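Below is the file upload.cif, which contains mmCIF, C-alpha atoms.
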data_run
#
loop_
_atom_site.label_atom_id
_atom_site.label_comp_id
_atom_site.auth_asym_id
_atom_site.auth_seq_id
_atom_site.Cartn_x
_atom_site.Cartn_y
_atom_site.Cartn_z
CA ARG A 1 -20.02 8.75 0.64
CA SER A 2 -22.37 11.47 1.91
CA LEU A 3 -19.94 13.40 4.15
CA LYS A 4 -18.22 16.29 2.41
CA PRO A 5 -15.57 18.72 3.69
CA GLY A 6 -16.61 21.79 5.62
CA GLY A 7 -19.74 20.23 7.09
CA GLY A 8 -21.20 19.50 3.66
CA TRP A 9 -23.45 16.67 2.59
CA GLU A 10 -24.09 14.92 -0.71
CA ASP A 11 -26.90 12.42 -1.04
CA PRO A 12 -26.03 9.75 -3.63
CA PHE A 13 -29.63 8.51 -3.80
CA LEU A 14 -31.88 11.59 -3.57
CA ASN A 15 -29.40 13.95 -5.13
CA GLY A 16 -30.73 17.51 -5.59
CA LEU A 17 -34.12 16.94 -3.96
CA ASP A 18 -33.41 19.27 -1.02
CA THR A 19 -32.40 22.06 -3.43
CA GLU A 20 -35.60 21.64 -5.45
CA LEU A 21 -37.73 21.76 -2.30
CA ALA A 22 -35.88 24.86 -1.09
CA ALA A 23 -36.68 26.57 -4.41
CA GLU A 24 -40.38 25.98 -3.58
CA GLY A 25 -39.88 27.51 -0.13
CA ILE A 26 -40.05 24.14 1.61
CA ALA A 27 -37.54 23.23 4.32
CA SER A 28 -36.24 19.69 4.63
CA SER A 29 -34.17 17.65 7.06
CA ARG A 30 -32.36 14.33 6.78
CA LEU A 31 -32.96 11.35 9.06
CA THR A 32 -30.11 8.99 9.92
CA TYR A 33 -30.54 5.38 11.01
CA LEU A 34 -29.39 3.89 14.31
CA ASP A 35 -26.32 2.12 12.92
CA ILE A 36 -23.00 2.74 14.66
CA THR A 37 -20.80 3.86 11.76
CA GLY A 38 -17.86 5.64 13.40
CA PHE A 39 -19.04 8.94 11.92
CA GLU A 40 -21.11 10.09 14.89
CA ALA A 41 -18.92 13.16 15.49
CA GLU A 42 -19.36 14.19 11.84
CA VAL A 43 -23.13 13.74 12.13
CA ALA A 44 -23.16 15.92 15.26
CA ARG A 45 -21.38 18.72 13.33
CA ARG A 46 -24.27 18.71 10.85
CA LYS A 47 -27.04 18.98 13.44
CA GLY A 48 -28.59 21.90 11.57
CA TYR A 49 -30.04 19.58 8.95
CA LEU A 50 -29.44 16.01 10.17
CA LEU A 51 -31.82 14.25 12.56
CA PRO A 52 -30.23 11.19 14.24
CA ALA A 53 -33.16 8.88 15.01
CA ILE A 54 -31.61 7.86 18.34
CA LEU A 55 -32.41 11.30 19.81
CA TRP A 56 -36.11 10.32 19.89
CA TRP A 57 -35.71 7.07 21.78
CA SER A 58 -37.93 6.19 24.74
CA PHE A 59 -37.32 3.86 27.66
CA GLY A 60 -40.55 1.96 26.96
CA GLY A 61 -39.66 1.50 23.30
CA TYR A 62 -36.18 0.33 24.28
CA LEU A 63 -37.61 -2.33 26.63
CA ARG A 64 -40.13 -3.54 24.03
CA ALA A 65 -37.40 -3.87 21.43
CA LEU A 66 -34.99 -5.54 23.86
CA THR A 67 -37.46 -8.30 24.75
CA ALA A 68 -38.68 -8.96 21.18
CA LEU A 69 -38.01 -12.28 19.48
CA PRO A 70 -38.30 -13.10 15.77
CA PRO A 71 -41.80 -14.39 14.94
CA ALA A 72 -42.51 -18.10 15.09
CA LEU A 73 -42.01 -19.97 11.82
CA PRO A 74 -45.02 -21.46 10.02
CA SER A 75 -45.29 -25.23 10.11
CA ASP A 76 -45.43 -25.55 6.31
CA SER A 77 -43.36 -23.05 4.34
CA LYS A 78 -43.38 -23.01 0.54
CA LEU A 79 -42.39 -20.55 -2.16
CA SER A 80 -43.91 -21.22 -5.60
CA GLY A 81 -44.57 -24.76 -4.41
CA LEU A 82 -41.00 -25.40 -3.23
CA PRO A 83 -40.31 -26.10 0.47
CA VAL A 84 -38.23 -23.29 2.00
CA GLY A 85 -38.43 -24.23 5.68
CA ARG A 86 -34.66 -24.61 6.04
CA LEU A 87 -34.08 -21.20 4.50
CA LEU A 88 -36.53 -19.63 6.94
CA GLU A 89 -34.83 -21.39 9.85
CA ARG A 90 -31.48 -19.99 8.76
CA GLU A 91 -32.94 -16.48 8.53
CA TRP A 92 -34.57 -16.86 11.94
CA TRP A 93 -31.27 -17.75 13.62
CA GLN A 94 -29.35 -15.05 11.76
CA ASP A 95 -31.91 -12.46 12.86
CA PHE A 96 -31.78 -13.76 16.42
CA ALA A 97 -27.96 -13.73 16.49
CA ARG A 98 -27.69 -10.10 15.43
CA ALA A 99 -30.80 -8.89 17.31
CA GLY A 100 -32.21 -7.71 14.00
CA ARG A 101 -35.85 -7.55 15.07
CA CYS A 102 -34.87 -5.69 18.23
CA ALA A 103 -32.97 -3.07 16.22
CA TYR A 104 -35.80 -2.55 13.72
CA LEU A 105 -38.46 -2.19 16.43
CA PHE A 106 -36.25 0.27 18.32
CA PHE A 107 -35.82 2.31 15.13
CA PHE A 108 -39.60 2.25 14.59
CA ASP A 109 -40.19 3.60 18.11
CA CYS A 110 -37.68 6.42 17.58
CA VAL A 111 -39.21 7.51 14.26
CA GLU A 112 -42.76 7.25 15.55
CA ASN A 113 -41.82 9.55 18.43
CA LEU A 114 -40.12 12.00 16.06
CA LEU A 115 -43.04 12.21 13.63
CA SER A 116 -45.64 12.50 16.38
CA LYS A 117 -43.79 15.48 17.89
CA SER A 118 -43.11 17.37 14.66
CA SER A 119 -44.94 18.90 11.70
CA PHE A 120 -43.44 17.03 8.76
CA LYS A 121 -45.75 16.79 5.76
CA ALA A 122 -43.94 13.99 3.90
CA VAL A 123 -41.15 11.46 4.23
CA ALA A 124 -39.04 10.54 1.18
CA MET A 125 -36.64 7.59 1.15
CA PRO A 126 -34.72 5.29 -1.19
CA TRP A 127 -36.86 2.14 -1.35
CA GLU A 128 -35.64 -1.44 -1.57
CA ALA A 129 -38.29 -2.89 0.78
CA GLN A 130 -35.66 -3.34 3.50
CA PRO A 131 -36.96 -3.90 7.07
CA GLN A 132 -35.85 -0.48 8.33
CA GLU A 133 -37.57 1.16 5.34
CA ARG A 134 -40.78 -0.68 6.14
CA MET A 135 -40.52 0.52 9.75
CA LEU A 136 -40.15 4.09 8.51
CA VAL A 137 -43.24 3.68 6.32
CA LEU A 138 -45.24 2.21 9.20
CA ALA A 139 -44.25 5.06 11.53
CA ALA A 140 -45.20 7.64 8.88
CA GLN A 141 -48.57 5.99 8.25
CA ARG A 142 -49.39 5.97 11.97
CA ALA A 143 -48.48 9.66 12.18
CA GLY A 144 -50.58 10.52 9.11
CA VAL A 145 -47.50 11.65 7.16
CA ARG A 146 -47.29 11.11 3.41
CA CYS A 147 -44.61 8.57 2.51
CA VAL A 148 -42.81 8.55 -0.86
CA GLY A 149 -40.35 5.82 -1.80
CA TYR A 150 -37.80 6.04 -4.58
CA GLN A 151 -36.82 2.91 -6.50
CA HIS A 152 -33.32 4.22 -7.12
CA THR A 153 -31.54 1.29 -8.77
CA THR A 154 -32.40 -1.72 -10.90
CA VAL A 155 -35.03 -4.35 -10.07
CA PRO A 156 -33.37 -7.74 -10.69
CA GLU A 157 -35.37 -10.88 -11.31
CA PHE A 158 -34.67 -12.60 -7.98
CA GLN A 159 -34.74 -9.65 -5.58
CA LEU A 160 -37.69 -11.10 -3.72
CA PRO A 161 -38.80 -8.03 -1.69
CA PHE A 162 -39.98 -6.43 -4.95
CA TYR A 163 -42.00 -9.50 -5.93
CA SER A 164 -44.68 -9.56 -3.26
CA THR A 165 -48.21 -10.79 -3.79
CA ALA A 166 -51.03 -8.30 -4.29
CA GLU A 167 -52.31 -9.21 -0.82
CA GLU A 168 -48.92 -8.50 0.75
CA TYR A 169 -48.72 -5.15 -1.01
CA ARG A 170 -52.11 -4.28 0.46
CA ASN A 171 -51.31 -5.38 4.01
CA SER A 172 -47.60 -4.71 4.51
CA PRO A 173 -46.00 -1.29 4.96
CA THR A 174 -45.30 0.16 1.50
CA PRO A 175 -45.00 3.82 0.44
CA ASP A 176 -48.08 5.80 -0.49
CA ILE A 177 -46.29 6.66 -3.74
CA LEU A 178 -43.34 4.82 -5.29
CA VAL A 179 -41.31 6.89 -7.77
CA THR A 180 -39.44 4.71 -10.25
CA SER A 181 -36.21 5.53 -12.06
CA GLY A 182 -37.45 4.42 -15.48
CA GLU A 183 -40.04 2.61 -17.56
CA HIS A 184 -38.39 -0.82 -17.25
CA PRO A 185 -38.53 -0.99 -13.42
CA ALA A 186 -42.04 0.52 -13.48
CA SER A 187 -43.18 -2.27 -15.81
CA VAL A 188 -41.49 -4.93 -13.66
CA LEU A 189 -43.10 -3.60 -10.48
CA ARG A 190 -46.55 -3.45 -12.09
CA SER A 191 -46.23 -7.06 -13.27
CA ALA A 192 -44.97 -8.04 -9.79
CA GLY A 193 -48.21 -6.77 -8.25
CA PHE A 194 -47.33 -3.30 -6.93
CA PRO A 195 -50.51 -1.18 -7.16
CA ALA A 196 -50.25 0.67 -10.47
CA GLN A 197 -52.11 3.74 -9.16
CA ARG A 198 -49.32 4.32 -6.63
CA LEU A 199 -46.47 4.21 -9.17
CA ARG A 200 -44.94 7.32 -10.72
CA MET A 201 -42.11 7.41 -13.24
CA GLY A 202 -39.93 10.24 -11.98
CA GLY A 203 -36.61 9.36 -13.61
CA THR A 204 -33.20 8.80 -12.10
CA ARG A 205 -31.50 11.02 -9.56
CA ARG A 206 -28.62 8.60 -9.11
CA TYR A 207 -27.62 7.53 -12.61
CA GLY A 208 -28.09 10.60 -14.79
CA HIS A 209 -24.52 10.19 -16.05
CA PHE A 210 -25.64 7.05 -17.91
CA LEU A 211 -27.96 9.07 -20.18
CA LYS A 212 -25.39 10.85 -22.32
CA ASP A 213 -25.69 10.47 -26.09
CA GLY A 214 -22.94 9.67 -28.54
CA ALA A 215 -20.11 7.19 -28.64
CA PHE A 216 -18.56 5.76 -25.50
CA PRO A 217 -15.16 7.17 -24.52
CA ARG A 218 -12.04 5.43 -25.82
CA PRO A 219 -9.70 5.33 -22.83
CA SER A 220 -6.16 4.03 -22.99
CA LEU A 221 -6.46 0.48 -21.66
CA GLY A 222 -3.63 -0.76 -19.47
CA PRO A 223 -2.76 -4.36 -18.56
CA ASP A 224 -4.16 -4.19 -15.02
CA VAL A 225 -7.59 -5.60 -14.14
CA LEU A 226 -9.94 -3.79 -11.77
CA ILE A 227 -12.13 -6.00 -9.53
CA MET A 228 -15.21 -4.13 -8.29
CA LEU A 229 -16.63 -5.82 -5.21
CA PRO A 230 -20.32 -5.66 -4.23
CA VAL A 231 -21.73 -4.68 -0.84
CA ASP A 232 -23.07 -8.20 -0.23
CA ALA A 233 -20.50 -10.15 1.80
CA TRP A 234 -21.19 -13.56 0.26
CA GLN A 235 -21.09 -12.34 -3.33
CA ALA A 236 -17.87 -10.44 -2.63
CA ARG A 237 -16.25 -13.50 -1.04
CA HIS A 238 -17.31 -15.75 -3.91
CA LEU A 239 -15.76 -13.36 -6.44
CA ILE A 240 -12.48 -13.21 -4.51
CA ALA A 241 -12.44 -17.01 -4.18
CA ALA A 242 -13.12 -17.46 -7.90
CA VAL A 243 -10.25 -15.13 -8.84
CA ALA A 244 -7.96 -16.93 -6.37
CA ARG A 245 -8.74 -20.30 -7.99
CA ALA A 246 -8.24 -18.92 -11.49
CA TYR A 247 -5.09 -16.89 -10.69
CA PRO A 248 -3.36 -18.37 -7.61
CA ASP A 249 -0.09 -16.61 -8.54
CA GLY A 250 -1.64 -13.30 -9.54
CA LEU A 251 -2.34 -11.69 -12.90
CA PRO A 252 0.24 -12.44 -15.61
CA GLU A 253 1.70 -9.27 -17.15
CA GLY A 254 -0.37 -7.02 -14.92
CA ARG A 255 -1.86 -6.44 -11.49
CA PHE A 256 -5.25 -7.00 -9.91
CA LEU A 257 -6.64 -3.71 -8.56
CA LEU A 258 -9.25 -4.20 -5.85
CA ARG A 259 -12.09 -1.74 -5.29
CA PRO A 260 -14.12 -2.83 -2.22
CA HIS A 261 -17.58 -1.42 -1.63
CA PRO A 262 -17.37 1.23 1.14
CA SER A 263 -20.04 -0.65 3.14
CA GLY A 264 -18.82 -4.14 2.26
CA PRO A 265 -17.04 -6.69 4.46
CA GLU A 266 -13.50 -6.01 5.69
CA ASP A 267 -12.09 -9.50 5.09
CA VAL A 268 -12.24 -9.24 1.29
CA ARG A 269 -9.61 -6.48 1.36
CA ARG A 270 -6.99 -9.15 2.09
CA THR A 271 -6.80 -11.42 -0.94
CA PRO A 272 -4.97 -14.77 -1.26
CA PHE A 273 -3.52 -13.56 -4.59
CA PRO A 274 -1.35 -10.47 -5.22
CA SER A 275 -3.55 -7.37 -5.44
CA GLU A 276 -3.53 -3.65 -4.74
CA LEU A 277 -6.36 -1.52 -3.32
CA ALA A 278 -7.87 1.07 -5.67
CA GLU A 279 -10.13 3.17 -3.47
CA GLY A 280 -11.13 6.79 -3.93
CA PRO A 281 -13.15 8.26 -6.84
CA MET A 282 -14.40 5.83 -9.49
CA ASN A 283 -12.74 7.70 -12.37
CA GLU A 284 -9.34 7.41 -10.69
CA ALA A 285 -9.71 3.64 -10.31
CA LEU A 286 -10.83 3.28 -13.93
CA SER A 287 -7.90 5.36 -15.19
CA ARG A 288 -5.51 2.71 -13.82
CA CYS A 289 -6.97 -0.35 -15.53
CA GLY A 290 -8.07 -2.04 -18.71
CA VAL A 291 -10.65 -4.79 -18.18
CA VAL A 292 -13.10 -4.50 -15.26
CA VAL A 293 -14.58 -7.51 -13.43
CA PHE A 294 -17.69 -6.97 -11.31
CA SER A 295 -20.51 -8.88 -9.66
CA GLY A 296 -23.64 -8.08 -7.68
CA SER A 297 -23.72 -4.32 -8.30
CA THR A 298 -24.32 -1.67 -10.96
CA ALA A 299 -20.66 -0.63 -10.87
CA GLY A 300 -20.04 -2.55 -14.09
CA LEU A 301 -22.34 -0.12 -15.90
CA ASP A 302 -20.11 2.76 -14.82
CA ALA A 303 -17.12 0.98 -16.34
CA LEU A 304 -19.06 0.11 -19.50
CA CYS A 305 -20.13 3.73 -20.05
CA ALA A 306 -16.52 4.83 -19.48
CA GLY A 307 -15.44 2.67 -22.42
CA HIS A 308 -13.86 -0.25 -20.57
CA PRO A 309 -14.26 -3.95 -21.45
CA VAL A 310 -16.37 -5.43 -18.66
CA LEU A 311 -16.76 -9.00 -17.41
CA ARG A 312 -19.76 -9.89 -15.24
CA TYR A 313 -19.06 -12.72 -12.77
CA ARG A 314 -22.11 -14.81 -11.83
CA PRO A 315 -21.32 -17.29 -9.02
CA SER A 316 -22.46 -20.85 -9.61
CA LEU A 317 -23.35 -21.61 -5.98
CA LEU A 318 -25.40 -18.53 -5.08
CA LEU A 319 -28.90 -17.46 -6.05
CA ASP A 320 -28.35 -15.23 -9.07
CA MET A 321 -29.40 -11.79 -7.83
CA GLU A 322 -27.31 -9.92 -10.39
CA PRO A 323 -28.62 -6.31 -10.51
CA THR A 324 -27.75 -5.98 -14.21
CA ASP A 325 -29.61 -9.10 -15.34
CA MET A 326 -31.78 -7.01 -17.70
CA PHE A 327 -28.66 -6.28 -19.79
CA PRO A 328 -27.93 -9.23 -22.15
CA GLU A 329 -24.60 -10.96 -22.58
CA ASP A 330 -23.65 -9.11 -25.76
CA PHE A 331 -23.72 -5.94 -23.61
CA LEU A 332 -22.10 -7.45 -20.51
CA PRO A 333 -20.34 -10.79 -21.10
CA ASN A 334 -20.71 -13.36 -18.33
CA ALA A 335 -18.19 -15.57 -16.55
CA SER A 336 -18.80 -18.35 -14.03
CA ASP A 337 -16.53 -20.24 -11.65
CA SER A 338 -15.56 -22.69 -14.38
CA ASP A 339 -14.50 -20.24 -17.11
CA LEU A 340 -13.47 -17.04 -15.33
CA ARG A 341 -9.83 -17.14 -16.45
CA GLU A 342 -10.69 -18.13 -20.02
CA ARG A 343 -13.23 -15.31 -20.43
CA LEU A 344 -11.05 -12.71 -18.71
CA GLU A 345 -7.95 -13.49 -20.77
CA ALA A 346 -10.01 -13.34 -23.98
CA LEU A 347 -11.19 -9.85 -23.05
CA ARG A 348 -7.68 -8.75 -22.20
CA ARG A 349 -6.36 -9.99 -25.56
CA SER A 350 -9.10 -8.70 -27.83
CA PRO A 351 -12.10 -6.76 -26.47
CA PRO A 352 -15.04 -7.14 -28.89
CA PRO A 353 -16.82 -4.07 -30.32
CA LEU A 354 -19.89 -3.06 -28.33
CA PRO A 355 -23.41 -2.36 -29.69
CA GLU A 356 -23.27 1.15 -28.24
CA GLU A 357 -26.58 2.47 -29.62
CA ALA A 358 -28.47 -0.58 -28.28
CA ILE A 359 -26.78 -0.18 -24.90
CA ARG A 360 -27.77 3.51 -24.77
CA ARG A 361 -31.39 2.62 -25.55
CA LYS A 362 -31.46 -0.01 -22.82
CA LEU A 363 -29.92 2.36 -20.29
CA LYS A 364 -32.66 4.90 -21.04
CA GLU A 365 -35.34 2.26 -20.45
CA VAL A 366 -33.91 1.46 -17.04
CA PHE A 367 -32.87 5.02 -16.10
CA SER A 368 -35.05 7.79 -17.54
CA PRO A 369 -34.26 11.53 -17.43
CA LEU A 370 -35.29 13.24 -14.20
CA ASP A 371 -38.88 14.54 -14.25
CA LYS A 372 -39.04 17.22 -11.55
CA PRO A 373 -42.81 17.93 -11.86
CA VAL A 374 -43.54 14.25 -11.14
CA TRP A 375 -41.41 14.43 -8.02
CA LYS A 376 -43.10 17.63 -6.89
CA GLU A 377 -46.56 16.10 -7.35
CA ALA A 378 -45.54 12.92 -5.54
CA LEU A 379 -44.27 14.80 -2.50
CA LEU A 380 -46.60 17.79 -2.28
CA SER A 381 -49.99 16.95 -3.78
#
Give the structure from this file in structure tokens form.
Amino acid sequence: RSLKPGGGWEDPFLNGLDTELAAEGIASSRLTYLDITGFEAEVARRKGYLLPAILWWSFGGYLRALTALPPALPSDSKLSGLPVGRLLEREWWQDFARAGRCAYLFFFDCVENLLSKSSFKAVAMPWEAQPQERMLVLAAQRAGVRCVGYQHTTVPEFQLPFYSTAEEYRNSPTPDILVTSGEHPASVLRSAGFPAQRLRMGGTRRYGHFLKDGAFPRPSLGPDVLIMLPVDAWQARHLIAAVARAYPDGLPEGRFLLRPHPSGPEDVRRTPFPSELAEGPMNEALSRCGVVVFSGSTAGLDALCAGHPVLRYRPSLLLDMEPTDMFPEDFLPNASDSDLRERLEALRRSPPPLPEEAIRRKLKEVFSPLDKPVWKEALLS
């Protein structure tokens, strides 16, 4: 998504920040993670402003990472009074199988070497409390470099990394300043225990297109249904399986159009029911369909704001981590495994009118207009 023709780059998360810094006479560079993506040649062509973390590796750091094991599990593990020992065991073995801890420690060593040998004043990053983000924060703190995180998307109820205890927020690597995209996530993070003095409401860089006023567009709705798949492999597979159970012979009087997430699993591209891929720009995919089905992402909001009837699938057998859970059912109707076909066919026959003004107000609570002075103060004060 970031690579553009002619050696260009477009950041979907921190869009425009480099231009704003340049206007203040401040140079910036972009750090890339250690993942093997297949785009290494493209990254090399952009060496003027991209810093691949792997270039700062050390032999000692490599050996330490290679010999690291996941930490031992506590003997008694509970979450809100419920035993979660089996869940922790599963995570331990998954981490061990993919050498997750090794990869994160190796990334930490690379970034620590980079920051100790350079003169960076601040590090800015999209923040979801992911392990590699915490390693970046820890490396910046050790190097005495200011660290600013950006809460770039929604904060759903069960996304546990955002719901740490006050003690964990004090003792675990978290940004010096966390810039939120709106008042709703700022309020959620404060209530979850994130130190209020380190929160700044800087508005959205990623979802500014949701903040338009006026009526939603009225597109011509065709008979085809667009399925927008999330990045999470299990949620994507559950959605495909639910559609296969509901429509084993395909969509009557139409086609299923499949839009996989660019970083999602490959196996969901091959469906057990008749379907057709709809990749490329979002507006092109939307122009080919009527109703949109989504799960586990904010893509449904794009379809909603484009004037399409939207159905939100919430799998019965997974922990409900729906990123749009702050939008009620009269905004985004729900479907489960038991009623997916019934709810989808009802939307295809007769889409209900939407409370557009209420939806606009809610969008502006979650995604506020960009406040450039807040960003400048967060990064440069």
I need every residue sitting at most 12 Å from the point (-38.9, -10.9, -7.7) (coordinates as in the file, only C-alpha atoms considered), written as a compact mmCIF listing (two decimals) with C-alpha atoms, in the coordinates of the input.
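Listing of point21.txt after writing:
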# COMPACT_ATOMS: atom_id res chain seq x y z
CA LEU A 79 -42.39 -20.55 -2.16
CA SER A 80 -43.91 -21.22 -5.60
CA GLU A 128 -35.64 -1.44 -1.57
CA ALA A 129 -38.29 -2.89 0.78
CA THR A 154 -32.40 -1.72 -10.90
CA VAL A 155 -35.03 -4.35 -10.07
CA PRO A 156 -33.37 -7.74 -10.69
CA GLU A 157 -35.37 -10.88 -11.31
CA PHE A 158 -34.67 -12.60 -7.98
CA GLN A 159 -34.74 -9.65 -5.58
CA LEU A 160 -37.69 -11.10 -3.72
CA PRO A 161 -38.80 -8.03 -1.69
CA PHE A 162 -39.98 -6.43 -4.95
CA TYR A 163 -42.00 -9.50 -5.93
CA SER A 164 -44.68 -9.56 -3.26
CA THR A 165 -48.21 -10.79 -3.79
CA PRO A 185 -38.53 -0.99 -13.42
CA VAL A 188 -41.49 -4.93 -13.66
CA LEU A 189 -43.10 -3.60 -10.48
CA ARG A 190 -46.55 -3.45 -12.09
CA SER A 191 -46.23 -7.06 -13.27
CA ALA A 192 -44.97 -8.04 -9.79
CA GLY A 193 -48.21 -6.77 -8.25
CA PHE A 194 -47.33 -3.30 -6.93
CA ASP A 320 -28.35 -15.23 -9.07
CA MET A 321 -29.40 -11.79 -7.83
CA GLU A 322 -27.31 -9.92 -10.39
CA PRO A 323 -28.62 -6.31 -10.51
- Task: With the file shown as input, list the residues that the PyMOL selection byres ((chain A and resi 380) around 9) selects, as a PyMOL selection string.
- Result: chain A and resi 121-122+146+375-379+381
Emit the selected residues as a short mmCIF file (atom, residue, chain, number, x, y, z; two decimals), keeping the file's coordinate frame, including C-alpha atoms.
data_model
loop_
_atom_site.label_atom_id
_atom_site.label_comp_id
_atom_site.auth_asym_id
_atom_site.auth_seq_id
_atom_site.Cartn_x
_atom_site.Cartn_y
_atom_site.Cartn_z
CA LYS A 121 -45.75 16.79 5.76
CA ALA A 122 -43.94 13.99 3.90
CA ARG A 146 -47.29 11.11 3.41
CA TRP A 375 -41.41 14.43 -8.02
CA LYS A 376 -43.10 17.63 -6.89
CA GLU A 377 -46.56 16.10 -7.35
CA ALA A 378 -45.54 12.92 -5.54
CA LEU A 379 -44.27 14.80 -2.50
CA SER A 381 -49.99 16.95 -3.78
#
- So how far away is atom CA of A:Ser295 from atom CA of A:Asp330, in Å? 16.4 Å
- Message: Set the distance at 7 Å and use all atoms listed in the file: which residues neighbour A:Ala335 once local chain neighbours fewer than 3 positions away are removed? I'd like the list as a PyMOL selection string.
- Response: chain A and resi 311-314+339-340+343
- Just so the selection is clear, what residues does the PyMOL selection byres ((chain A and resi 52) around 9) cover here, as a PyMOL selection string? chain A and resi 30-34+43-44+47+50-51+53-56
- Sel. within 9 Å of pt (-42.1, 9.4, 5.6), counting all atoms listed in the file, output as a ChimeraX atom specification: /A:115,120-125,136-141,145-149,175
- Task: Apply the PyMOL selection byres ((chain A and resi 221) around 12) to the structure shown and report the selected residues as a PyMOL selection string.
- Result: chain A and resi 217-220+222-226+254+286-292+303+306-310+347-351
- Message: Residues within 12 Å of A:Ala215, please, as an MDAnalysis selection string. Count all atoms listed in the file; anything in the same chain fewer than 2 positions from it doesn't count.
- Response: chainID A and resid 211:213 217:218 304:307 353:360
- In Å, with one decimal, what is the gap from atom CA of A:Tyr104 to atom CA of A:Val268?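 The value is 27.5 Å.
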- What does the distance between atom CA of A:Ala27 and atom CA of A:Arg46 come to in Å, to one decimal place?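 Computing it gives 15.5 Å between the two atoms.
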- Can you tell me, as a ChimeraX atom specification, what residues are no more than 9 Å from A:Phe106 when counting all atoms listed in the file, ignoring any on the same chain fewer than 4 positions away? /A:34,54,57-58,61-66,101-102,110-111
- Which is closer to A:Ser2 than all the others in A:Asn15, A:Ser28, A:Ser187, A:Ser119, using all atoms listed in the file?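 Result for the nearest residue to A:Ser2: A:Asn15.
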- Item | Within 7 Å of stretch 231-237 of chain A using all atoms listed in the file, minus same-chain residues under 4 positions, as a PyMOL selection string | chain A and resi 241+261+263-265+268+296
